[in-house]
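What follows is a set of notes on a single structure, which appears directly below.
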Amino acid sequence: MINLPDNARKHLDNYLQQVRTCLKDCPTVDADEVEQNIKEHIESELQDSSEPVSFAALDDILKRLGSPQQWLPEEISWWRKIILRLRTGPEDWRLAYISFALLVVGFIILPSSIVLIPASFIVARAALSEVADSSELKAQKCLIYPSLIVSCSVIAFILFFGGMVLGACLAEVLWDLTWIREVAYMGTVTFAASITVTITALSWIILGAVFCKWPGLVRSIFKPFADWFNRKHAIILTCVGFALLVLTLAVVGYLRFVVFSKL
Amino acid sequence: MVLTGILHCYILNIMENRFFDNWSTQLRKGMLELCILNAIRGTSLYGYDIVRKLRNIEGLVISEGTIYPILSRLKREGFVQTTIKESTEGPPRKYYELTAAGEKILSQMNGYWQDIKTGTDILKGDEKS
């Protein structure tokens, strides 16, 4: 048996697995015999190569052998060919297909989207982890990115505008309390707006502080869209939150003690 | 107008290429079986030797691995048989040779191919004249 480095061995095992999967249920072909022939072919090709055989040398032989999907006989139905393509495609492509399929089904069957869209996101991230750099993904981006964009948009909305929703809910709860209304001494809209903006500003300050301590968290959550994020951006977020808080308190104070007290 | 003309030519070129690709793929599929049987006619060869022999024919073997499922299918059909022979260069090798049924079908296939080739040549000749 030829001495192969780990990456080449893995590549060969993956190829032979594709051969087995493609030909397993093919009634006119003996999959074991073909696999044996392929092994002999590779050994014969590499006979004169210096050991250990390089990944590139093996890859060149496998490319010349071609994809086992091309060997499927005509009698196999189209739907079976599609299933085989999904089962035998390179690992990263399979994940990309699954991610996209989960996203599409999640959108079609809306109640299931709570489970399927996060699952699609996880699979897309797994596909992304298969490559060292997202630029290596090439055409797979079309399958992986929709899921990442949808999920990252939802996460971004929750993180950056969750405070706003929370503030609005809190304002509604507080406004029902009589003593709050008496202390606040302002209109419903002004009260709701001030609470909402204050909570939003506070959430941005907290988020900014957390991201300043762990900037990698943002890069990790929003990978590959936030690779540029660093402490500077976290500080900007904190400053914006702080400025918004000060501005809100100033406006609320002015309204409460100057405008409404005169009414 | 010029742009439309260029686009039209480009689309026609793509369609022609696609047509040729489909046609040559279909032709190759049928021819490959005939060539494999001819390659082992009167001799016994092991899989890799057959590939080496066929890869020299321009445009016939696009992916070399295609030959192995065809060999397996021909064996199941009873047109070829295998014998294990010791090798000086490694483990024992599986050699393929034609069976009597294989000889018969090959002779039929060669005859059929010859008829088609002759017919095509005549048509080509007619076209020239």
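Starting from 1 in every chain, residues are counted up; chains themselves are A, B, ... following the order of the structure tokens, and ligands are numbered from 1 as listed.
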
As a short mmCIF file (atom, residue, chain, number, x, y, z; two decimals) with C-alpha atoms, in the first residue's frame, please: every residue in region 15-121 of chain A that a backbone DSSP assignment puts in alpha helix (DSSP H).
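Produced file out.cif, reproduced below:
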data_model
loop_
_atom_site.label_atom_id
_atom_site.label_comp_id
_atom_site.auth_asym_id
_atom_site.auth_seq_id
_atom_site.Cartn_x
_atom_site.Cartn_y
_atom_site.Cartn_z
CA TYR A 15 -13.25 9.57 -2.98
CA LEU A 16 -13.59 5.83 -2.39
CA GLN A 17 -16.60 6.51 -0.18
CA GLN A 18 -18.15 8.41 -3.10
CA VAL A 19 -17.43 5.46 -5.38
CA ARG A 20 -19.13 3.05 -2.96
CA THR A 21 -22.15 5.31 -2.44
CA CYS A 22 -22.62 5.94 -6.15
CA LEU A 23 -22.37 2.34 -7.24
CA ALA A 31 -19.11 -1.72 -6.53
CA ASP A 32 -16.41 -3.74 -4.71
CA GLU A 33 -14.77 -4.70 -7.97
CA VAL A 34 -14.75 -1.09 -9.20
CA GLU A 35 -13.31 0.09 -5.89
CA GLN A 36 -10.57 -2.52 -6.12
CA ASN A 37 -9.81 -1.44 -9.69
CA ILE A 38 -9.63 2.20 -8.63
CA LYS A 39 -7.19 1.32 -5.84
CA GLU A 40 -5.04 -0.66 -8.28
CA HIS A 41 -5.20 2.23 -10.75
CA ILE A 42 -3.99 4.71 -8.13
CA GLU A 43 -1.23 2.37 -6.95
CA SER A 44 -0.06 1.82 -10.52
CA GLU A 45 -0.05 5.54 -11.24
CA LEU A 46 1.89 6.31 -8.08
CA PHE A 55 -1.68 15.56 -1.95
CA ALA A 56 -1.33 17.30 -5.32
CA ALA A 57 -0.11 14.11 -7.04
CA LEU A 58 -3.04 12.11 -5.69
CA ASP A 59 -5.52 14.87 -6.48
CA ASP A 60 -4.26 14.96 -10.07
CA ILE A 61 -4.95 11.21 -10.45
CA LEU A 62 -8.40 11.49 -8.87
CA LYS A 63 -9.25 14.38 -11.19
CA ARG A 64 -8.28 12.27 -14.19
CA LEU A 65 -10.39 9.40 -12.84
CA TRP A 78 -33.07 11.57 -12.31
CA TRP A 79 -34.33 11.84 -8.73
CA ARG A 80 -31.94 9.13 -7.63
CA LYS A 81 -29.08 10.97 -9.32
CA ILE A 82 -29.99 14.11 -7.36
CA ILE A 83 -30.05 12.18 -4.07
CA LEU A 84 -26.71 10.58 -4.92
CA ARG A 85 -25.26 13.98 -5.76
CA LEU A 86 -26.33 15.20 -2.32
CA ARG A 87 -24.96 12.10 -0.62
CA THR A 88 -21.68 11.94 -2.47
CA GLU A 91 -18.49 17.49 2.44
CA ASP A 92 -18.59 21.27 2.18
CA TRP A 93 -21.07 21.17 -0.71
CA ARG A 94 -23.36 18.79 1.15
CA LEU A 95 -23.51 21.17 4.08
CA ALA A 96 -24.22 24.07 1.73
CA TYR A 97 -27.09 22.20 0.10
CA ILE A 98 -28.55 21.19 3.47
CA SER A 99 -28.27 24.73 4.81
CA PHE A 100 -30.09 26.17 1.82
CA ALA A 101 -32.76 23.45 1.88
CA LEU A 102 -33.46 24.05 5.58
CA LEU A 103 -33.79 27.79 4.95
CA VAL A 104 -36.18 27.32 2.03
CA VAL A 105 -38.35 24.81 3.94
CA GLY A 106 -38.26 27.15 6.95
CA PHE A 107 -39.68 29.96 4.82
CA ILE A 108 -42.30 27.77 3.13
CA SER A 113 -38.99 28.29 10.75
CA ILE A 114 -38.31 28.70 14.50
CA VAL A 115 -36.38 25.44 14.36
CA LEU A 116 -35.31 25.22 10.71
CA ILE A 117 -33.78 28.68 10.26
CA PRO A 118 -31.48 28.36 13.32
CA ALA A 119 -30.63 24.83 12.11
CA SER A 120 -29.86 26.25 8.65
CA PHE A 121 -27.64 28.87 10.30
#

Could you give me, as a Markdown table, a per-residue list for chain B showing, wherever an atom lies at most 8 Å from an atom of chain A, the closest pair of atoms and their distance in Å to one decimal, using only C-alpha atoms and sorting by chain then residue number from low to high?
| residue | atom | partner | partner_atom | distance |
| --- | --- | --- | --- | --- |
| B:Gly47 | CA | A:Asn37 | CA | 6.3 |
| B:Tyr48 | CA | A:His41 | CA | 5.3 |
| B:Ile62 | CA | A:Arg64 | CA | 7.8 |
| B:Ser63 | CA | A:Gly66 | CA | 4.6 |
| B:Glu64 | CA | A:Leu65 | CA | 4.4 |
| B:Gly65 | CA | A:Leu65 | CA | 4.2 |
| B:Thr66 | CA | A:Trp71 | CA | 5.3 |
| B:Tyr68 | CA | A:Val34 | CA | 5.6 |
| B:Pro69 | CA | A:Val29 | CA | 6.0 |
| B:Ile70 | CA | A:Val29 | CA | 7.8 |
| B:Ser72 | CA | A:Val29 | CA | 5.4 |
| B:Arg73 | CA | A:Val29 | CA | 5.1 |
| B:Arg76 | CA | A:Thr28 | CA | 6.7 |

What would the file look like if the residues just selected were written as a compact mmCIF listing (two decimals), in the first residue's frame with all heavy atoms?
# COMPACT_ATOMS: atom_id res chain seq x y z
N GLY B 47 -6.96 -3.84 -15.42
CA GLY B 47 -7.72 -2.61 -15.57
C GLY B 47 -6.89 -1.40 -15.98
O GLY B 47 -7.22 -0.71 -16.95
N TYR B 48 -5.80 -1.18 -15.28
CA TYR B 48 -4.98 0.01 -15.53
C TYR B 48 -4.37 -0.01 -16.93
O TYR B 48 -4.25 1.03 -17.58
CB TYR B 48 -3.89 0.11 -14.46
CG TYR B 48 -3.01 1.32 -14.61
CD1 TYR B 48 -3.53 2.60 -14.46
CD2 TYR B 48 -1.65 1.18 -14.89
CE1 TYR B 48 -2.72 3.71 -14.60
CE2 TYR B 48 -0.83 2.28 -15.03
CZ TYR B 48 -1.37 3.55 -14.88
OH TYR B 48 -0.57 4.66 -15.01
N ILE B 62 -12.73 10.78 -21.27
CA ILE B 62 -12.70 12.08 -20.60
C ILE B 62 -12.35 11.87 -19.13
O ILE B 62 -11.46 12.50 -18.60
CB ILE B 62 -14.05 12.81 -20.75
CG1 ILE B 62 -14.36 13.04 -22.23
CG2 ILE B 62 -14.06 14.12 -19.98
CD1 ILE B 62 -13.38 13.92 -23.00
N SER B 63 -13.07 10.95 -18.47
CA SER B 63 -12.67 10.60 -17.10
C SER B 63 -12.32 9.11 -17.09
O SER B 63 -13.12 8.26 -17.45
CB SER B 63 -13.76 10.95 -16.10
OG SER B 63 -14.92 10.21 -16.35
N GLU B 64 -11.08 8.86 -16.69
CA GLU B 64 -10.53 7.50 -16.80
C GLU B 64 -11.30 6.49 -15.97
O GLU B 64 -11.37 5.31 -16.31
CB GLU B 64 -9.06 7.52 -16.38
CG GLU B 64 -8.21 8.33 -17.35
CD GLU B 64 -6.77 8.49 -16.92
OE1 GLU B 64 -6.42 8.05 -15.80
OE2 GLU B 64 -5.98 9.07 -17.69
N GLY B 65 -11.88 6.95 -14.86
CA GLY B 65 -12.61 6.04 -13.97
C GLY B 65 -13.83 5.41 -14.62
O GLY B 65 -14.30 4.35 -14.19
N THR B 66 -14.34 6.05 -15.66
CA THR B 66 -15.55 5.55 -16.34
C THR B 66 -15.36 4.11 -16.83
O THR B 66 -16.33 3.34 -16.93
CB THR B 66 -15.86 6.44 -17.57
OG1 THR B 66 -15.72 7.79 -17.17
CG2 THR B 66 -17.25 6.21 -18.10
N TYR B 68 -13.90 1.56 -15.46
CA TYR B 68 -14.06 0.46 -14.49
C TYR B 68 -15.50 -0.01 -14.30
O TYR B 68 -15.74 -1.22 -14.30
CB TYR B 68 -13.40 0.85 -13.16
CG TYR B 68 -11.90 1.06 -13.32
CD1 TYR B 68 -11.31 2.29 -13.11
CD2 TYR B 68 -11.09 0.02 -13.75
CE1 TYR B 68 -9.95 2.48 -13.29
CE2 TYR B 68 -9.72 0.20 -13.94
CZ TYR B 68 -9.16 1.43 -13.71
OH TYR B 68 -7.82 1.61 -13.91
N PRO B 69 -16.48 0.90 -14.16
CA PRO B 69 -17.87 0.40 -14.09
C PRO B 69 -18.28 -0.33 -15.37
O PRO B 69 -19.04 -1.29 -15.32
CB PRO B 69 -18.71 1.66 -13.89
CG PRO B 69 -17.77 2.66 -13.34
CD PRO B 69 -16.44 2.35 -13.91
N ILE B 70 -17.75 0.14 -16.52
CA ILE B 70 -18.09 -0.54 -17.78
C ILE B 70 -17.51 -1.95 -17.78
O ILE B 70 -18.19 -2.91 -18.17
CB ILE B 70 -17.57 0.28 -19.00
CG1 ILE B 70 -18.31 1.61 -19.07
CG2 ILE B 70 -17.77 -0.50 -20.30
CD1 ILE B 70 -17.81 2.56 -20.14
N SER B 72 -16.93 -3.76 -15.19
CA SER B 72 -17.74 -4.55 -14.25
C SER B 72 -19.06 -4.98 -14.90
O SER B 72 -19.52 -6.12 -14.72
CB SER B 72 -17.99 -3.71 -13.00
OG SER B 72 -18.81 -4.40 -12.11
N ARG B 73 -19.65 -4.04 -15.66
CA ARG B 73 -20.93 -4.34 -16.31
C ARG B 73 -20.75 -5.41 -17.38
O ARG B 73 -21.55 -6.33 -17.49
CB ARG B 73 -21.52 -3.06 -16.91
CG ARG B 73 -22.97 -3.18 -17.25
CD ARG B 73 -23.72 -1.87 -17.25
NE ARG B 73 -23.23 -0.90 -18.19
CZ ARG B 73 -22.71 0.27 -17.87
NH1 ARG B 73 -22.62 0.61 -16.60
NH2 ARG B 73 -22.30 1.11 -18.79
N ARG B 76 -20.53 -8.69 -15.68
CA ARG B 76 -21.85 -9.18 -15.23
C ARG B 76 -22.67 -9.71 -16.41
O ARG B 76 -23.46 -10.64 -16.26
CB ARG B 76 -22.63 -8.06 -14.55
CG ARG B 76 -22.13 -7.77 -13.18
CD ARG B 76 -23.25 -7.65 -12.19
NE ARG B 76 -22.71 -7.71 -10.84
CZ ARG B 76 -23.28 -7.18 -9.80
NH1 ARG B 76 -24.42 -6.56 -9.92
NH2 ARG B 76 -22.75 -7.31 -8.60

Per DSSP on the backbone, what are the strand (DSSP E) residues of chain B, as a ChimeraX atom specification? /B:45-46,80-87,90-98

Include all heavy atoms and write out the residues we just selected as a short mmCIF file (atom, residue, chain, number, x, y, z; two decimals), in the first residue's frame.
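As written to disk, result06.cif reads:
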data_model
loop_
_atom_site.label_atom_id
_atom_site.label_comp_id
_atom_site.auth_asym_id
_atom_site.auth_seq_id
_atom_site.Cartn_x
_atom_site.Cartn_y
_atom_site.Cartn_z
N LEU B 45 -5.72 -8.21 -20.23
CA LEU B 45 -5.12 -7.00 -19.68
C LEU B 45 -5.72 -6.70 -18.31
O LEU B 45 -6.88 -7.02 -18.07
CB LEU B 45 -5.40 -5.80 -20.58
CG LEU B 45 -4.77 -5.77 -21.97
CD1 LEU B 45 -5.31 -4.57 -22.74
CD2 LEU B 45 -3.25 -5.67 -21.87
N TYR B 46 -4.92 -6.08 -17.46
CA TYR B 46 -5.53 -5.67 -16.19
C TYR B 46 -6.03 -4.24 -16.32
O TYR B 46 -5.64 -3.52 -17.25
CB TYR B 46 -4.59 -5.93 -15.03
CG TYR B 46 -3.64 -4.87 -14.61
CD1 TYR B 46 -3.90 -4.09 -13.48
CD2 TYR B 46 -2.46 -4.66 -15.32
CE1 TYR B 46 -3.00 -3.13 -13.09
CE2 TYR B 46 -1.56 -3.71 -14.92
CZ TYR B 46 -1.83 -2.93 -13.81
OH TYR B 46 -0.95 -1.98 -13.41
N VAL B 80 -16.98 -10.49 -20.55
CA VAL B 80 -15.56 -10.61 -20.16
C VAL B 80 -15.47 -11.46 -18.90
O VAL B 80 -16.45 -11.60 -18.16
CB VAL B 80 -14.88 -9.23 -19.90
CG1 VAL B 80 -14.88 -8.37 -21.13
CG2 VAL B 80 -15.52 -8.50 -18.76
N GLN B 81 -14.29 -12.03 -18.71
CA GLN B 81 -14.06 -12.78 -17.46
C GLN B 81 -12.72 -12.34 -16.88
O GLN B 81 -11.90 -11.75 -17.58
CB GLN B 81 -14.08 -14.28 -17.74
CG GLN B 81 -13.00 -14.74 -18.71
CD GLN B 81 -13.18 -16.19 -19.10
OE1 GLN B 81 -14.22 -16.79 -18.91
NE2 GLN B 81 -12.12 -16.77 -19.66
N THR B 82 -12.54 -12.61 -15.60
CA THR B 82 -11.30 -12.16 -14.95
C THR B 82 -10.52 -13.36 -14.43
O THR B 82 -11.10 -14.38 -14.04
CB THR B 82 -11.59 -11.22 -13.78
OG1 THR B 82 -12.51 -11.86 -12.90
CG2 THR B 82 -12.18 -9.90 -14.24
N THR B 83 -9.21 -13.19 -14.44
CA THR B 83 -8.32 -14.18 -13.80
C THR B 83 -7.31 -13.42 -12.95
O THR B 83 -6.83 -12.35 -13.37
CB THR B 83 -7.58 -15.03 -14.84
OG1 THR B 83 -7.08 -14.15 -15.85
CG2 THR B 83 -8.45 -16.09 -15.47
N ILE B 84 -7.04 -13.95 -11.79
CA ILE B 84 -6.06 -13.30 -10.91
C ILE B 84 -4.68 -13.85 -11.25
O ILE B 84 -4.48 -15.06 -11.28
CB ILE B 84 -6.39 -13.57 -9.43
CG1 ILE B 84 -7.84 -13.17 -9.09
CG2 ILE B 84 -5.39 -12.90 -8.49
CD1 ILE B 84 -8.13 -11.69 -9.07
N LYS B 85 -3.76 -12.94 -11.52
CA LYS B 85 -2.38 -13.36 -11.84
C LYS B 85 -1.41 -12.66 -10.90
O LYS B 85 -1.60 -11.49 -10.55
CB LYS B 85 -2.05 -13.01 -13.29
CG LYS B 85 -2.79 -13.85 -14.31
CD LYS B 85 -2.39 -13.45 -15.73
CE LYS B 85 -3.24 -14.20 -16.75
NZ LYS B 85 -3.02 -13.72 -18.11
N GLU B 86 -0.37 -13.37 -10.54
CA GLU B 86 0.67 -12.79 -9.69
C GLU B 86 1.39 -11.66 -10.44
O GLU B 86 1.54 -11.72 -11.66
CB GLU B 86 1.69 -13.86 -9.29
CG GLU B 86 1.15 -14.89 -8.29
CD GLU B 86 0.72 -14.28 -6.97
OE1 GLU B 86 1.38 -13.34 -6.50
OE2 GLU B 86 -0.30 -14.74 -6.40
N SER B 87 1.78 -10.64 -9.69
CA SER B 87 2.49 -9.52 -10.31
C SER B 87 3.85 -9.36 -9.66
O SER B 87 4.00 -9.56 -8.45
CB SER B 87 1.67 -8.24 -10.14
OG SER B 87 2.46 -7.12 -10.41
N GLY B 90 3.83 -5.88 -7.32
CA GLY B 90 2.96 -5.65 -6.18
C GLY B 90 2.01 -6.82 -5.96
O GLY B 90 2.35 -7.96 -6.31
N PRO B 91 0.84 -6.54 -5.41
CA PRO B 91 -0.12 -7.61 -5.13
C PRO B 91 -0.67 -8.23 -6.43
O PRO B 91 -0.51 -7.63 -7.50
CB PRO B 91 -1.24 -6.90 -4.37
CG PRO B 91 -1.09 -5.46 -4.69
CD PRO B 91 0.34 -5.23 -5.00
N PRO B 92 -1.29 -9.42 -6.34
CA PRO B 92 -1.84 -10.06 -7.55
C PRO B 92 -2.82 -9.12 -8.25
O PRO B 92 -3.52 -8.34 -7.61
CB PRO B 92 -2.55 -11.29 -7.01
CG PRO B 92 -1.99 -11.52 -5.68
CD PRO B 92 -1.55 -10.21 -5.14
N ARG B 93 -2.85 -9.22 -9.59
CA ARG B 93 -3.70 -8.32 -10.37
C ARG B 93 -4.81 -9.09 -11.07
O ARG B 93 -4.65 -10.26 -11.41
CB ARG B 93 -2.87 -7.59 -11.42
CG ARG B 93 -2.03 -6.49 -10.81
CD ARG B 93 -1.05 -5.97 -11.82
NE ARG B 93 -0.33 -4.82 -11.30
CZ ARG B 93 0.69 -4.25 -11.91
NH1 ARG B 93 1.10 -4.74 -13.07
NH2 ARG B 93 1.30 -3.21 -11.38
N LYS B 94 -5.91 -8.38 -11.28
CA LYS B 94 -7.06 -8.99 -11.95
C LYS B 94 -6.97 -8.69 -13.45
O LYS B 94 -6.96 -7.52 -13.84
CB LYS B 94 -8.34 -8.39 -11.35
CG LYS B 94 -9.60 -9.13 -11.76
CD LYS B 94 -10.81 -8.39 -11.28
CE LYS B 94 -11.01 -8.50 -9.78
NZ LYS B 94 -12.12 -7.69 -9.32
N TYR B 95 -6.89 -9.73 -14.24
CA TYR B 95 -6.77 -9.55 -15.69
C TYR B 95 -8.11 -9.83 -16.36
O TYR B 95 -8.81 -10.78 -16.00
CB TYR B 95 -5.69 -10.47 -16.26
CG TYR B 95 -4.29 -9.93 -16.04
CD1 TYR B 95 -3.69 -10.00 -14.79
CD2 TYR B 95 -3.58 -9.33 -17.08
CE1 TYR B 95 -2.44 -9.47 -14.56
CE2 TYR B 95 -2.32 -8.81 -16.87
CZ TYR B 95 -1.75 -8.88 -15.61
OH TYR B 95 -0.51 -8.34 -15.39
N TYR B 96 -8.45 -9.00 -17.32
CA TYR B 96 -9.72 -9.15 -18.06
C TYR B 96 -9.46 -9.76 -19.43
O TYR B 96 -8.49 -9.39 -20.11
CB TYR B 96 -10.38 -7.78 -18.25
CG TYR B 96 -10.91 -7.18 -16.96
CD1 TYR B 96 -10.09 -6.44 -16.13
CD2 TYR B 96 -12.24 -7.37 -16.58
CE1 TYR B 96 -10.57 -5.90 -14.95
CE2 TYR B 96 -12.73 -6.82 -15.40
CZ TYR B 96 -11.89 -6.09 -14.59
OH TYR B 96 -12.36 -5.55 -13.43
N GLU B 97 -10.33 -10.69 -19.82
CA GLU B 97 -10.26 -11.25 -21.18
C GLU B 97 -11.66 -11.53 -21.69
O GLU B 97 -12.61 -11.66 -20.89
CB GLU B 97 -9.38 -12.50 -21.20
CG GLU B 97 -9.84 -13.58 -20.26
CD GLU B 97 -8.80 -14.69 -20.07
OE1 GLU B 97 -7.68 -14.56 -20.57
OE2 GLU B 97 -9.14 -15.69 -19.42
N LEU B 98 -11.77 -11.63 -22.97
CA LEU B 98 -13.10 -11.86 -23.57
C LEU B 98 -13.56 -13.29 -23.36
O LEU B 98 -12.76 -14.22 -23.39
CB LEU B 98 -13.05 -11.57 -25.08
CG LEU B 98 -12.98 -10.13 -25.56
CD1 LEU B 98 -13.01 -10.10 -27.09
CD2 LEU B 98 -14.14 -9.32 -25.03
#

Applying 10 Å and only C-alpha atoms, which residues near Arg256 (chain A) remain after dropping the ones on its own chain fewer than 3 positions away? List them as an MDAnalysis selection string. chainID A and resid 183:187 190:191 250:253 259:262

Keeping only N, CA and C atoms, write the selected residues to a file as a short mmCIF file (atom, residue, chain, number, x, y, z; two decimals), in the first residue's frame.
data_model
loop_
_atom_site.label_atom_id
_atom_site.label_comp_id
_atom_site.auth_asym_id
_atom_site.auth_seq_id
_atom_site.Cartn_x
_atom_site.Cartn_y
_atom_site.Cartn_z
N VAL A 183 -45.54 60.79 39.20
CA VAL A 183 -44.14 61.23 39.31
C VAL A 183 -43.64 61.74 37.94
N ALA A 184 -43.99 60.95 36.90
CA ALA A 184 -43.48 61.30 35.56
C ALA A 184 -43.98 62.68 35.13
N TYR A 185 -45.24 62.90 35.33
CA TYR A 185 -45.84 64.19 35.06
C TYR A 185 -45.59 64.63 33.61
N MET A 186 -45.92 63.77 32.71
CA MET A 186 -45.77 64.09 31.27
C MET A 186 -46.76 63.26 30.46
N GLY A 187 -46.85 63.52 29.16
CA GLY A 187 -47.78 62.82 28.30
C GLY A 187 -47.38 61.37 28.07
N THR A 190 -44.62 60.95 25.31
CA THR A 190 -43.32 61.43 25.78
C THR A 190 -42.72 60.42 26.76
N PHE A 191 -43.56 59.91 27.66
CA PHE A 191 -43.09 58.93 28.65
C PHE A 191 -42.59 57.66 27.94
N ALA A 250 -31.50 64.72 29.21
CA ALA A 250 -31.57 66.19 29.12
C ALA A 250 -32.94 66.63 28.58
N VAL A 251 -33.37 65.96 27.52
CA VAL A 251 -34.66 66.31 26.91
C VAL A 251 -35.80 66.01 27.88
N VAL A 252 -35.71 64.80 28.53
CA VAL A 252 -36.77 64.42 29.47
C VAL A 252 -36.81 65.40 30.65
N GLY A 253 -35.64 65.75 31.15
CA GLY A 253 -35.55 66.68 32.27
C GLY A 253 -36.14 68.04 31.89
N VAL A 259 -41.22 72.38 30.59
CA VAL A 259 -42.41 72.49 29.75
C VAL A 259 -43.66 72.04 30.49
N PHE A 260 -43.66 70.74 30.96
CA PHE A 260 -44.90 70.21 31.56
C PHE A 260 -45.26 70.86 32.89
N SER A 261 -44.26 71.29 33.66
CA SER A 261 -44.57 71.90 34.96
C SER A 261 -45.27 73.25 34.80
N LYS A 262 -45.08 73.88 33.62
CA LYS A 262 -45.73 75.16 33.37
C LYS A 262 -47.18 75.00 32.93
#

At a cut-off of 6 Å, using only C-alpha atoms, what residues contact region 237-239 of chain A? Leave out same-chain residues fewer than 3 positions from it and give the result as a ChimeraX atom specification. /A:204-205,208,234,242-243

Neighbouring residues of region 28-33 of chain B were defined as those with any atom within 10 Å, considering only C-alpha atoms; residues of the same chain fewer than 2 positions away were excluded. Please report them as a VMD selection string. (chain A and resid 73) or (chain B and resid 22 to 26 35 to 39 54 59 to 62 66 to 67 70 to 71 73 to 74 106 109 113)

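Our summary of the geometry notes that CA of Leu110 (chain A) is positioned 21.0 Å from CA of Ala156 (chain A).
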
In Å, how far is it from CA of Ile109 (chain A) to CA of Ser147 (chain A)?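 Separating CA of Ile109 (chain A) from CA of Ser147 (chain A) is a distance of 15.6 Å.
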
Mind giving me the straight-line distance from CA of Glu77 (chain B) to CA of Asp115 (chain B) in Å, one decimal?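 That distance, rounded to one decimal, is 24.5 Å.
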
Show which residues sit within 9 Å of Ala193 (chain A), as an MDAnalysis selection string. Count only C-alpha atoms, and ignore same-chain residues fewer than 4 positions away. chainID A and resid 167:168 171 188:189 197:198

Let me make sure I understand: among B:Ile116, B:Gly111, B:Leu123, B:Phe79, which one has the smallest atom-to-atom distance to Arg41 (chain B) if we use only C-alpha atoms?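 Comparing B:Ile116, B:Gly111, B:Leu123, B:Phe79 against Arg41 (chain B), the winner is B:Phe79.
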